[in-house]
Each structure stands twice: as C-alpha cells, then as structure tokens.
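Structure record follows, encoded as structure tokens.
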Amino acid sequence: MLPTFIAALRADPPAFPPGLRVKRVQGTDGVWEITFAPDGRATFAYGTEVVPGEAHVIWRRVGSHDVLDDA
C-alpha cells in the first residue's frame, strides 16, 4: 500500500487509485483519510514542502475506523 500511495503522491496532480480510498474528511479543511485494511484508517494533511517538488504528508491519526471520530 505505501509504495502505491507514494507513487500517487508523485503524480501531478496527485492521483490516488480507487483501492486506496483516499478522500477528504467531511467537515474539515485539508484533512484526508486513507483506508489501508478492512478496519484500518489513517488521516493526513499536506504540509509545507521539505524537499522541493515532493509532497510533504503529515500523518495525523492511524488505527481503526475510530480515528475518524476526532479527525
């Protein structure tokens, strides 16, 4: 999953395959969710580039579906 996620980030614009189920978290501004297992979720946001030309991802929460409760 991680290699697929990284490859998608490097596309311009980022293009996540449907299998990763990346989508914006409802009611938030700039927080995204990814599904990595049947009950595995993570939320992330984009940060300021550290390496020029590379997306910088800030992982916010990783765990079960409950991580979305306080996205």
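Ligands are numbered from 1 in the order shown, residues from 1 within each chain, and chains are lettered A, B, ... in the order they appear in the structure tokens.
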*Find the spatial neighbours of region 7-16 of chain A, counting only C-alpha atoms, within a cut-off of 10 Å - ignore same-chain residues fewer than 4 positions away - and output them as a count of residues only.*
12
_Can you tell me which residues surround Phe44 (chain A) at a distance of at most 8 Å, considering only C-alpha atoms, apart from same-chain residues fewer than 6 positions away, and format the answer as a PyMOL selection string?_
chain A and resi 31-33+57-61
Written file, previous selection with N, CA and C atoms, as a PDB file, in the first residue's frame:
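So again26.pdb came out as:
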ATOM      1  N   VAL A  31      -7.889  17.952   5.608  1.00  0.00           N
ATOM      2  CA  VAL A  31      -7.592  16.660   6.236  1.00  0.00           C
ATOM      3  C   VAL A  31      -8.153  15.573   5.333  1.00  0.00           C
ATOM      4  N   TRP A  32      -7.327  14.569   5.087  1.00  0.00           N
ATOM      5  CA  TRP A  32      -7.681  13.472   4.189  1.00  0.00           C
ATOM      6  C   TRP A  32      -7.658  12.167   4.952  1.00  0.00           C
ATOM      7  N   GLU A  33      -8.375  11.185   4.426  1.00  0.00           N
ATOM      8  CA  GLU A  33      -8.450   9.848   5.012  1.00  0.00           C
ATOM      9  C   GLU A  33      -8.004   8.831   3.976  1.00  0.00           C
ATOM     10  N   VAL A  57       3.688  14.894   3.630  1.00  0.00           N
ATOM     11  CA  VAL A  57       2.491  14.372   4.287  1.00  0.00           C
ATOM     12  C   VAL A  57       2.719  14.360   5.790  1.00  0.00           C
ATOM     13  N   ILE A  58       1.749  14.889   6.510  1.00  0.00           N
ATOM     14  CA  ILE A  58       1.770  14.857   7.971  1.00  0.00           C
ATOM     15  C   ILE A  58       0.705  13.857   8.405  1.00  0.00           C
ATOM     16  N   TRP A  59       1.149  12.721   8.945  1.00  0.00           N
ATOM     17  CA  TRP A  59       0.204  11.709   9.423  1.00  0.00           C
ATOM     18  C   TRP A  59      -0.381  12.203  10.735  1.00  0.00           C
ATOM     19  N   ARG A  60      -1.698  12.205  10.833  1.00  0.00           N
ATOM     20  CA  ARG A  60      -2.383  12.744  11.997  1.00  0.00           C
ATOM     21  C   ARG A  60      -2.822  11.635  12.958  1.00  0.00           C
ATOM     22  N   ARG A  61      -3.543  10.664  12.438  1.00  0.00           N
ATOM     23  CA  ARG A  61      -4.027   9.550  13.247  1.00  0.00           C
ATOM     24  C   ARG A  61      -3.971   8.281  12.408  1.00  0.00           C
TER      25      ARG A  61
END
*Among the residues of chain A, find those DSSP assigns to strand (DSSP E) from the backbone and print them as a ChimeraX atom specification.*
/A:23-24,32-37,40-47,56-63
Limited to C-alpha atoms, could you put the picked residues into a file as a PDB file, in the first residue's frame?
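Here's the written file again-v9.pdb:
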ATOM      1  CA  LYS A  23     -10.917  11.152   0.310  1.00  0.00           C
ATOM      2  CA  ARG A  24     -11.298  14.403   2.204  1.00  0.00           C
ATOM      3  CA  TRP A  32      -7.681  13.472   4.189  1.00  0.00           C
ATOM      4  CA  GLU A  33      -8.450   9.848   5.012  1.00  0.00           C
ATOM      5  CA  ILE A  34      -6.967   6.648   3.584  1.00  0.00           C
ATOM      6  CA  THR A  35      -8.149   3.072   4.080  1.00  0.00           C
ATOM      7  CA  PHE A  36      -5.324   0.531   4.384  1.00  0.00           C
ATOM      8  CA  ALA A  37      -7.127  -2.532   5.828  1.00  0.00           C
ATOM      9  CA  GLY A  40      -7.537   0.309   9.140  1.00  0.00           C
ATOM     10  CA  ARG A  41      -7.777   4.043   8.612  1.00  0.00           C
ATOM     11  CA  ALA A  42      -5.379   6.947   8.748  1.00  0.00           C
ATOM     12  CA  THR A  43      -5.819  10.670   8.449  1.00  0.00           C
ATOM     13  CA  PHE A  44      -3.254  13.012   6.985  1.00  0.00           C
ATOM     14  CA  ALA A  45      -2.710  16.561   5.830  1.00  0.00           C
ATOM     15  CA  TYR A  46      -0.282  18.163   3.437  1.00  0.00           C
ATOM     16  CA  GLY A  47       2.478  20.241   4.981  1.00  0.00           C
ATOM     17  CA  HIS A  56       5.058  16.517   2.444  1.00  0.00           C
ATOM     18  CA  VAL A  57       2.491  14.372   4.287  1.00  0.00           C
ATOM     19  CA  ILE A  58       1.770  14.857   7.971  1.00  0.00           C
ATOM     20  CA  TRP A  59       0.204  11.709   9.423  1.00  0.00           C
ATOM     21  CA  ARG A  60      -2.383  12.744  11.997  1.00  0.00           C
ATOM     22  CA  ARG A  61      -4.027   9.550  13.247  1.00  0.00           C
ATOM     23  CA  VAL A  62      -3.541   5.896  12.366  1.00  0.00           C
ATOM     24  CA  GLY A  63      -5.641   2.992  13.617  1.00  0.00           C
TER      25      GLY A  63
END
*asked:* My list of candidates is A:Asp39, A:Met1, A:Val51, A:Asp29. Which is closest to His65 (chain A) when distances are computed with only C-alpha atoms?
replied: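 Nearest candidate to His65 (chain A) out of A:Asp39, A:Met1, A:Val51, A:Asp29: A:Asp39.
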